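Asks: My structure file model09.cif, mmCIF, C-alpha atoms and all ligand atoms, is below:
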```cif
data_upload
loop_
_atom_site.group_PDB
_atom_site.id
_atom_site.type_symbol
_atom_site.label_atom_id
_atom_site.label_comp_id
_atom_site.auth_asym_id
_atom_site.auth_seq_id
_atom_site.Cartn_x
_atom_site.Cartn_y
_atom_site.Cartn_z
ATOM 1 C CA MET A 1 10.169 77.230 -0.022
ATOM 2 C CA THR A 2 12.344 78.688 -2.682
ATOM 3 C CA ASP A 3 13.579 77.519 -6.024
ATOM 4 C CA GLN A 4 16.318 74.951 -5.773
ATOM 5 C CA GLY A 5 19.189 74.951 -8.172
ATOM 6 C CA GLY A 6 17.509 77.587 -10.248
ATOM 7 C CA ALA A 7 14.788 75.235 -11.403
ATOM 8 C CA ASP A 8 11.365 76.729 -11.703
ATOM 9 C CA THR A 9 9.773 73.639 -10.270
ATOM 10 C CA PRO A 10 9.260 72.547 -6.697
ATOM 11 C CA ASP A 11 11.742 69.968 -5.588
ATOM 12 C CA GLN A 12 8.823 68.507 -3.749
ATOM 13 C CA TRP A 13 5.259 69.258 -3.256
ATOM 14 C CA PHE A 14 6.181 70.903 0.005
ATOM 15 C CA PRO A 15 8.828 70.162 2.587
ATOM 16 C CA LEU A 16 7.116 67.386 4.507
ATOM 17 C CA ARG A 17 10.453 66.042 5.510
ATOM 18 C CA GLN A 18 10.129 68.364 8.459
ATOM 19 C CA SER A 19 8.617 66.478 11.357
ATOM 20 C CA ARG A 20 6.654 69.583 12.333
ATOM 21 C CA THR A 21 4.940 69.452 8.985
ATOM 22 C CA ARG A 22 4.081 65.809 9.403
ATOM 23 C CA ALA A 23 2.509 66.704 12.727
ATOM 24 C CA ILE A 24 0.435 69.356 10.987
ATOM 25 C CA LEU A 25 -0.664 66.837 8.390
ATOM 26 C CA ARG A 26 -1.703 64.187 10.877
ATOM 27 C CA PRO A 27 -5.272 65.463 11.325
ATOM 28 C CA VAL A 28 -5.801 65.459 7.552
ATOM 29 C CA LEU A 29 -4.597 61.921 7.275
ATOM 30 C CA ALA A 30 -6.602 60.779 10.275
ATOM 31 C CA GLY A 31 -9.705 62.536 9.058
ATOM 32 C CA SER A 32 -10.798 59.686 6.840
ATOM 33 C CA GLN A 33 -10.766 56.795 9.279
ATOM 34 C CA ALA A 34 -14.420 55.990 8.830
ATOM 35 C CA LEU A 35 -14.920 53.908 5.712
ATOM 36 C CA PRO A 36 -18.615 53.956 4.833
ATOM 37 C CA GLN A 37 -17.981 54.826 1.183
ATOM 38 C CA THR A 38 -15.632 53.477 -1.444
ATOM 39 C CA LEU A 39 -14.343 55.751 -4.154
ATOM 40 C CA THR A 40 -12.916 54.438 -7.385
ATOM 41 C CA GLY A 41 -10.758 55.443 -10.297
ATOM 42 C CA GLY A 42 -8.405 54.109 -12.897
ATOM 43 C CA CYS A 43 -6.189 54.578 -15.905
ATOM 44 C CA ARG A 44 -7.021 55.382 -19.512
ATOM 45 C CA CYS A 45 -7.011 51.778 -20.769
ATOM 46 C CA GLY A 46 -8.871 50.248 -17.841
ATOM 47 C CA ALA A 47 -6.215 47.688 -16.910
ATOM 48 C CA THR A 48 -5.363 49.488 -13.665
ATOM 49 C CA ARG A 49 -8.130 50.308 -11.226
ATOM 50 C CA TYR A 50 -8.100 51.581 -7.661
ATOM 51 C CA THR A 51 -10.364 52.126 -4.711
ATOM 52 C CA LEU A 52 -9.969 54.787 -2.033
ATOM 53 C CA ALA A 53 -11.026 53.874 1.491
ATOM 54 C CA LEU A 54 -12.284 57.358 2.314
ATOM 55 C CA ASP A 55 -15.562 58.709 3.602
ATOM 56 C CA ALA A 56 -15.789 61.433 0.958
ATOM 57 C CA MET A 57 -14.010 62.721 -2.107
ATOM 58 C CA PRO A 58 -10.522 63.806 -1.065
ATOM 59 C CA PRO A 59 -9.497 67.470 -1.129
ATOM 60 C CA ILE A 60 -7.657 68.456 -4.272
ATOM 61 C CA TYR A 61 -5.313 71.189 -5.412
ATOM 62 C CA CYS A 62 -3.702 72.217 -8.675
ATOM 63 C CA CYS A 63 -0.020 72.743 -9.331
ATOM 64 C CA HIS A 64 1.133 74.838 -12.266
ATOM 65 C CA CYS A 65 4.874 74.168 -11.966
ATOM 66 C CA LEU A 66 6.937 73.125 -14.949
ATOM 67 C CA ASP A 67 7.371 69.588 -13.638
ATOM 68 C CA CYS A 68 3.624 69.177 -13.427
ATOM 69 C CA GLN A 69 3.174 70.606 -16.900
ATOM 70 C CA SER A 70 5.704 68.106 -18.239
ATOM 71 C CA TRP A 71 4.300 65.171 -16.254
ATOM 72 C CA SER A 72 0.752 65.851 -17.322
ATOM 73 C CA GLY A 73 1.428 67.143 -20.808
ATOM 74 C CA SER A 74 -1.043 69.836 -19.882
ATOM 75 C CA ALA A 75 -1.265 73.228 -18.240
ATOM 76 C CA PHE A 76 -1.299 71.998 -14.641
ATOM 77 C CA SER A 77 -1.732 68.927 -12.495
ATOM 78 C CA GLU A 78 -4.817 68.232 -10.414
ATOM 79 C CA GLN A 79 -3.991 66.237 -7.329
ATOM 80 C CA ALA A 80 -5.777 64.635 -4.408
ATOM 81 C CA LEU A 81 -4.097 64.244 -1.053
ATOM 82 C CA ILE A 82 -4.772 60.962 0.763
ATOM 83 C CA ARG A 83 -3.319 58.512 3.257
ATOM 84 C CA GLU A 84 -1.220 55.998 1.358
ATOM 85 C CA ASP A 85 -2.960 53.094 3.054
ATOM 86 C CA ALA A 86 -6.312 54.345 1.765
ATOM 87 C CA ILE A 87 -5.521 53.404 -1.842
ATOM 88 C CA THR A 88 -5.809 49.840 -3.099
ATOM 89 C CA VAL A 89 -4.671 49.282 -6.679
ATOM 90 C CA THR A 90 -5.414 46.320 -8.928
ATOM 91 C CA GLY A 91 -3.767 45.741 -12.299
ATOM 92 C CA PRO A 92 -0.289 45.917 -13.776
ATOM 93 C CA VAL A 93 0.911 48.979 -11.906
ATOM 94 C CA VAL A 94 4.601 49.808 -12.270
ATOM 95 C CA ASP A 95 6.881 52.048 -10.218
ATOM 96 C CA TYR A 96 8.878 54.761 -11.964
ATOM 97 C CA ARG A 97 11.408 55.863 -9.378
ATOM 98 C CA ILE A 98 13.416 59.076 -9.392
ATOM 99 C CA THR A 99 15.664 60.709 -6.817
ATOM 100 C CA ASN A 100 15.031 64.403 -6.251
ATOM 101 C CA ALA A 101 17.794 66.939 -5.810
ATOM 102 C CA SER A 102 17.185 66.753 -2.069
ATOM 103 C CA GLY A 103 17.906 63.021 -2.079
ATOM 104 C CA ALA A 104 14.277 62.069 -1.482
ATOM 105 C CA GLU A 105 13.043 59.142 -3.511
ATOM 106 C CA SER A 106 9.911 59.750 -5.528
ATOM 107 C CA HIS A 107 7.803 56.846 -6.735
ATOM 108 C CA GLN A 108 5.439 57.395 -9.622
ATOM 109 C CA TRP A 109 2.901 54.598 -9.869
ATOM 110 C CA LEU A 110 1.774 54.079 -13.461
ATOM 111 C CA CYS A 111 -0.461 51.708 -15.353
ATOM 112 C CA GLY A 112 1.941 49.211 -16.919
ATOM 113 C CA VAL A 113 -0.171 49.023 -20.068
ATOM 114 C CA CYS A 114 -1.156 52.593 -20.993
ATOM 115 C CA HIS A 115 1.376 54.284 -18.671
ATOM 116 C CA ALA A 116 -1.163 56.673 -17.197
ATOM 117 C CA ARG A 117 0.222 58.028 -13.947
ATOM 118 C CA ILE A 118 -2.136 57.101 -11.111
ATOM 119 C CA TYR A 119 -0.459 58.445 -7.979
ATOM 120 C CA ASN A 120 2.887 59.150 -6.410
ATOM 121 C CA THR A 121 4.586 58.688 -3.079
ATOM 122 C CA ASN A 122 7.794 60.183 -1.703
ATOM 123 C CA SER A 123 10.235 59.043 0.958
ATOM 124 C CA ALA A 124 10.170 62.590 2.356
ATOM 125 C CA ARG A 125 6.498 62.250 3.243
ATOM 126 C CA PRO A 126 5.907 58.653 4.330
ATOM 127 C CA GLY A 127 2.317 57.524 4.565
ATOM 128 C CA ILE A 128 0.983 60.086 2.112
ATOM 129 C CA ALA A 129 -0.059 59.520 -1.482
ATOM 130 C CA VAL A 130 -0.892 62.126 -4.095
ATOM 131 C CA VAL A 131 -3.468 60.805 -6.538
ATOM 132 C CA ARG A 132 -3.928 62.301 -10.016
ATOM 133 C CA ALA A 133 -7.430 63.627 -9.475
ATOM 134 C CA GLY A 134 -8.333 63.274 -13.138
ATOM 135 C CA THR A 135 -8.184 59.487 -12.723
ATOM 136 C CA LEU A 136 -11.092 59.540 -10.262
ATOM 137 C CA ASP A 137 -14.270 58.131 -11.770
ATOM 138 C CA ALA A 138 -16.132 61.072 -10.224
ATOM 139 C CA SER A 139 -13.500 63.668 -11.094
ATOM 140 C CA ASP A 140 -16.272 66.012 -12.168
ATOM 141 C CA THR A 141 -17.456 66.290 -8.559
ATOM 142 C CA VAL A 142 -14.311 67.859 -7.127
ATOM 143 C CA THR A 143 -13.182 71.464 -7.210
ATOM 144 C CA PRO A 144 -9.632 72.559 -6.441
ATOM 145 C CA ARG A 145 -9.248 74.257 -3.078
ATOM 146 C CA THR A 146 -6.052 76.024 -4.002
ATOM 147 C CA HIS A 147 -3.567 76.545 -6.824
ATOM 148 C CA ILE A 148 0.178 76.552 -6.282
ATOM 149 C CA TRP A 149 3.077 77.657 -8.481
ATOM 150 C CA VAL A 150 0.803 80.128 -10.236
ATOM 151 C CA LYS A 151 3.837 82.140 -11.284
ATOM 152 C CA ARG A 152 4.114 79.415 -13.951
ATOM 153 C CA LYS A 153 0.398 79.390 -14.715
ATOM 154 C CA GLN A 154 -0.516 79.560 -18.385
ATOM 155 C CA PRO A 155 -1.887 83.054 -19.041
ATOM 156 C CA TRP A 156 -5.206 81.762 -20.365
ATOM 157 C CA VAL A 157 -6.009 79.856 -17.157
ATOM 158 C CA THR A 158 -8.379 81.914 -15.003
ATOM 159 C CA ILE A 159 -8.753 81.129 -11.309
ATOM 160 C CA ALA A 160 -11.772 82.346 -9.354
ATOM 161 C CA ASP A 161 -11.025 85.247 -7.012
ATOM 162 C CA ASP A 162 -12.151 83.314 -3.927
ATOM 163 C CA VAL A 163 -9.729 80.433 -4.504
ATOM 164 C CA PRO A 164 -6.396 80.927 -2.725
ATOM 165 C CA THR A 165 -3.287 80.901 -4.900
ATOM 166 C CA PHE A 166 0.429 80.810 -4.193
ATOM 167 C CA ALA A 167 3.241 81.988 -6.445
ATOM 168 C CA GLU A 168 5.285 78.901 -5.569
ATOM 169 C CA ASN A 169 4.722 76.248 -2.914
ATOM 170 C CA ALA A 170 2.228 77.108 -0.206
ATOM 171 C CA PRO A 171 3.538 77.383 3.351
ATOM 172 C CA PRO A 172 2.763 73.934 4.795
ATOM 173 C CA ALA A 173 0.559 75.084 7.674
ATOM 174 C CA GLU A 174 -1.463 77.336 5.412
ATOM 175 C CA PHE A 175 -1.757 74.622 2.784
ATOM 176 C CA ILE A 176 -3.024 72.082 5.288
ATOM 177 C CA ALA A 177 -5.508 74.554 6.723
ATOM 178 C CA ILE A 178 -6.945 75.054 3.242
ATOM 179 C CA MET A 179 -7.062 71.341 2.532
ATOM 180 C CA MET A 180 -8.711 70.587 5.909
ATOM 181 C CA ARG A 181 -11.409 73.204 5.538
ATOM 182 C CA ALA A 182 -14.862 71.707 6.111
ATOM 183 C CA ARG A 183 -16.534 70.644 2.915
ATOM 184 C CA ALA A 184 -19.351 72.782 1.690
HETATM 185 ZN ZN ZN B 201 -3.932 51.572 -18.358
HETATM 186 ZN ZN ZN B 202 3.880 70.876 -9.681
#
```
Let me see whether you can do it: turn the structure in this file into structure tokens.

Replies:
Amino acid sequence: MTDQGGADTPDQWFPLRQSRTRAILRPVLAGSQALPQTLTGGCRCGATRYTLALDAMPPIYCCHCLDCQSWSGSAFSEQALIREDAITVTGPVVDYRITNASGAESHQWLCGVCHARIYNTNSARPGIAVVRAGTLDASDTVTPRTHIWVKRKQPWVTIADDVPTFAENAPPAEFIAIMMRARA
């Protein structure tokens, strides 16, 4: 995927609008059907809480694009990839909706009190939610599997040599292979 309109940010996380890509993603999304464990997280103020119906901590990645730097107010975003129906939110969550250059509708789900961003969904990738991994109660137990948009990485951020990186978006098949890799 290339820059769109000259912006140094990904129009989307990757082009899941392609049905082939959705087919690639299906095993990831189906991989957490068993529900023996409940994972939890929430916003800064505590008004919004969520549970994830997953059997283990979800795989996470980091994005260093300019959008993610602006959204997070930090050097990069740390995101978990899950099935949308695996997240149950309680509290005053609100939907900040934007339309991307591609025409896809992006929904940013925020705590209505402290405005912490909890997760997002996108009409271009139905059924998938991207959770801000820093909102997980056990966020200290996850390690990013890959970093994307490292051409915009802050120079002081050091990534271990054995962690795959991509200058911009990762090719979807390669990205999914990394995210599906068996947990250590
Ligand atoms: Zn809050
Ligand atoms: Zn990003």

Asks: Could you give me the axis-aligned bounding box of range 74-79 of chain A, with 6 Å of padding per side, as centre plus edge lengths in Å to one decimal, as lines of an AutoDock Vina configuration file?

Replies:
```
center_x = -2.9
center_y = 69.7
center_z = -13.6
size_x = 15.8
size_y = 19.0
size_z = 24.6
```

Asks: Using the chain letters and residue numbers of this document, give as a list in words the residues selected by the PyMOL selection byres (((chain A and resi 165-172) around 6) and not hetatm).

Replies: Thr146, His147, Ile148, Trp149, Val150, Lys151, Pro164, Ala173, Glu174 and Phe175 of chain A

Asks: Selected by the PyMOL selection byres (((not hetatm)) within 8 of (chain B and resi 202)) in the shown coordinates: which residues, as a list of chain:residue names?

Replies: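 This file gives the following for the PyMOL selection byres (((not hetatm)) within 8 of (chain B and resi 202)): A:Thr9, A:Pro10, A:Trp13, A:Cys62, A:Cys63, A:His64, A:Cys65, A:Leu66, A:Asp67, A:Cys68, A:Gln69, A:Phe76, A:Ser77, A:Ile148, A:Trp149.
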
Asks: Write out the residues from the selection above, keeping C-alpha atoms, as a PDB file, keeping the file's coordinate frame.

Replies:
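Writing the result to again.pdb gives the following:
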```pdb
ATOM      1  CA  THR A   9       9.773  73.639 -10.270  1.00  0.00           C
ATOM      2  CA  PRO A  10       9.260  72.547  -6.697  1.00  0.00           C
ATOM      3  CA  TRP A  13       5.259  69.258  -3.256  1.00  0.00           C
ATOM      4  CA  CYS A  62      -3.702  72.217  -8.675  1.00  0.00           C
ATOM      5  CA  CYS A  63      -0.020  72.743  -9.331  1.00  0.00           C
ATOM      6  CA  HIS A  64       1.133  74.838 -12.266  1.00  0.00           C
ATOM      7  CA  CYS A  65       4.874  74.168 -11.966  1.00  0.00           C
ATOM      8  CA  LEU A  66       6.937  73.125 -14.949  1.00  0.00           C
ATOM      9  CA  ASP A  67       7.371  69.588 -13.638  1.00  0.00           C
ATOM     10  CA  CYS A  68       3.624  69.177 -13.427  1.00  0.00           C
ATOM     11  CA  GLN A  69       3.174  70.606 -16.900  1.00  0.00           C
ATOM     12  CA  PHE A  76      -1.299  71.998 -14.641  1.00  0.00           C
ATOM     13  CA  SER A  77      -1.732  68.927 -12.495  1.00  0.00           C
ATOM     14  CA  ILE A 148       0.178  76.552  -6.282  1.00  0.00           C
ATOM     15  CA  TRP A 149       3.077  77.657  -8.481  1.00  0.00           C
TER      16      TRP A 149
END
```

Asks: Kindly compile the residues surrounding ligand ZN 201 (chain B) within 12 Å, counting only C-alpha atoms and all ligand atoms, and format them as a list in words.

Replies: Gly41, Gly42, Cys43, Arg44, Cys45, Gly46, Ala47, Thr48, Arg49, Tyr50, Val89, Thr90, Gly91, Pro92, Val93, Val94, Trp109, Leu110, Cys111, Gly112, Val113, Cys114, His115, Ala116, Arg117, Ile118 and Thr135 of chain A

Asks: Using all atoms listed in the file, which of A:Asp95, A:Asp55, A:Glu84, A:Glu78 sits nearest Asp140 in chain A?

Replies: A:Glu78

Asks: One decimal, Å: what's the distance from CA of Met179 in chain A over to CA of Tyr61 in chain A, could you say?

Replies: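 CA of Met179 in chain A sits 8.1 Å away from CA of Tyr61 in chain A.
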
Asks: I need the residue set behind the PyMOL selection byres (((chain A and resi 128-130) around 10) and not hetatm) for this file; please write it as a PyMOL selection string.

Replies: chain A and resi 13+16+22+25+29+60+78-87+107-108+118-127+131-133

Asks: Name the closest residue to Ala177 in chain A among the candidates A:Met57, A:Arg145, A:Pro155, A:Gly73; distances are taken between atoms, counting all atoms listed in the file.

Replies: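 Once distances to Ala177 in chain A are computed over all atoms listed in the file, the minimum belongs to A:Arg145.
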
Asks: For a test of reading the model, state the distance in Å between CA of Thr40 in chain A and CA of Leu52 in chain A, rounded to one decimal.

Replies: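 For CA of Thr40 in chain A relative to CA of Leu52 in chain A, the distance reads 6.1 Å.
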
Asks: Quote the spacing between CA of Thr143 in chain A and CA of Val157 in chain A in Å to one decimal place.

Replies: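 About the pair CA of Thr143 in chain A and CA of Val157 in chain A: they are 14.9 Å apart.
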
Asks: Could you model N, CA and C atoms for range 152-180 of chain A and present them as a short mmCIF file (atom, residue, chain, number, x, y, z; two decimals), keeping the file's coordinate frame?

Replies:
```
data_model
loop_
_atom_site.label_atom_id
_atom_site.label_comp_id
_atom_site.auth_asym_id
_atom_site.auth_seq_id
_atom_site.Cartn_x
_atom_site.Cartn_y
_atom_site.Cartn_z
N ARG A 152 3.91 80.15 -12.70
CA ARG A 152 4.11 79.42 -13.95
C ARG A 152 2.79 79.07 -14.64
N LYS A 153 1.72 79.66 -14.14
CA LYS A 153 0.40 79.39 -14.72
C LYS A 153 0.34 79.88 -16.16
N GLN A 154 -0.30 79.09 -17.01
CA GLN A 154 -0.52 79.56 -18.39
C GLN A 154 -1.44 80.78 -18.34
N PRO A 155 -1.15 81.79 -19.15
CA PRO A 155 -1.89 83.05 -19.04
C PRO A 155 -3.38 82.92 -19.32
N TRP A 156 -3.79 81.90 -20.04
CA TRP A 156 -5.21 81.76 -20.36
C TRP A 156 -6.00 81.06 -19.27
N VAL A 157 -5.32 80.52 -18.26
CA VAL A 157 -6.01 79.86 -17.16
C VAL A 157 -6.50 80.92 -16.18
N THR A 158 -7.79 80.95 -15.93
CA THR A 158 -8.38 81.91 -15.00
C THR A 158 -8.83 81.19 -13.74
N ILE A 159 -8.41 81.72 -12.61
CA ILE A 159 -8.75 81.13 -11.31
C ILE A 159 -9.72 82.07 -10.60
N ALA A 160 -10.78 81.52 -10.05
CA ALA A 160 -11.77 82.35 -9.35
C ALA A 160 -11.12 83.13 -8.22
N ASP A 161 -11.62 84.35 -8.00
CA ASP A 161 -11.02 85.25 -7.01
C ASP A 161 -11.04 84.68 -5.60
N ASP A 162 -12.03 83.81 -5.31
CA ASP A 162 -12.15 83.31 -3.93
C ASP A 162 -11.35 82.03 -3.69
N VAL A 163 -10.57 81.62 -4.67
CA VAL A 163 -9.73 80.43 -4.50
C VAL A 163 -8.30 80.89 -4.21
N PRO A 164 -7.74 80.47 -3.07
CA PRO A 164 -6.40 80.93 -2.72
C PRO A 164 -5.34 80.41 -3.69
N THR A 165 -4.38 81.27 -4.00
CA THR A 165 -3.29 80.90 -4.90
C THR A 165 -1.95 81.25 -4.25
N PHE A 166 -0.91 80.57 -4.70
CA PHE A 166 0.43 80.81 -4.19
C PHE A 166 1.39 80.87 -5.38
N ALA A 167 2.30 81.81 -5.34
CA ALA A 167 3.24 81.99 -6.44
C ALA A 167 4.09 80.74 -6.64
N GLU A 168 4.51 80.15 -5.52
CA GLU A 168 5.28 78.90 -5.57
C GLU A 168 4.59 77.91 -4.64
N ASN A 169 5.35 77.15 -3.87
CA ASN A 169 4.72 76.25 -2.91
C ASN A 169 4.01 77.03 -1.82
N ALA A 170 2.92 76.49 -1.33
CA ALA A 170 2.23 77.11 -0.21
C ALA A 170 2.98 76.78 1.08
N PRO A 171 3.00 77.72 2.03
CA PRO A 171 3.54 77.38 3.35
C PRO A 171 2.75 76.19 3.90
N PRO A 172 3.44 75.17 4.42
CA PRO A 172 2.76 73.93 4.80
C PRO A 172 1.55 74.12 5.70
N ALA A 173 1.68 74.93 6.74
CA ALA A 173 0.56 75.08 7.67
C ALA A 173 -0.65 75.70 6.97
N GLU A 174 -0.38 76.68 6.13
CA GLU A 174 -1.46 77.34 5.41
C GLU A 174 -2.11 76.38 4.41
N PHE A 175 -1.26 75.60 3.74
CA PHE A 175 -1.76 74.62 2.78
C PHE A 175 -2.67 73.61 3.47
N ILE A 176 -2.23 73.10 4.59
CA ILE A 176 -3.02 72.08 5.29
C ILE A 176 -4.33 72.68 5.80
N ALA A 177 -4.27 73.91 6.26
CA ALA A 177 -5.51 74.55 6.72
C ALA A 177 -6.53 74.64 5.59
N ILE A 178 -6.05 74.97 4.40
CA ILE A 178 -6.94 75.05 3.24
C ILE A 178 -7.49 73.67 2.90
N MET A 179 -6.63 72.68 2.92
CA MET A 179 -7.06 71.34 2.53
C MET A 179 -7.99 70.71 3.58
N MET A 180 -7.88 71.14 4.83
CA MET A 180 -8.71 70.59 5.91
C MET A 180 -10.05 71.28 6.03
#
```
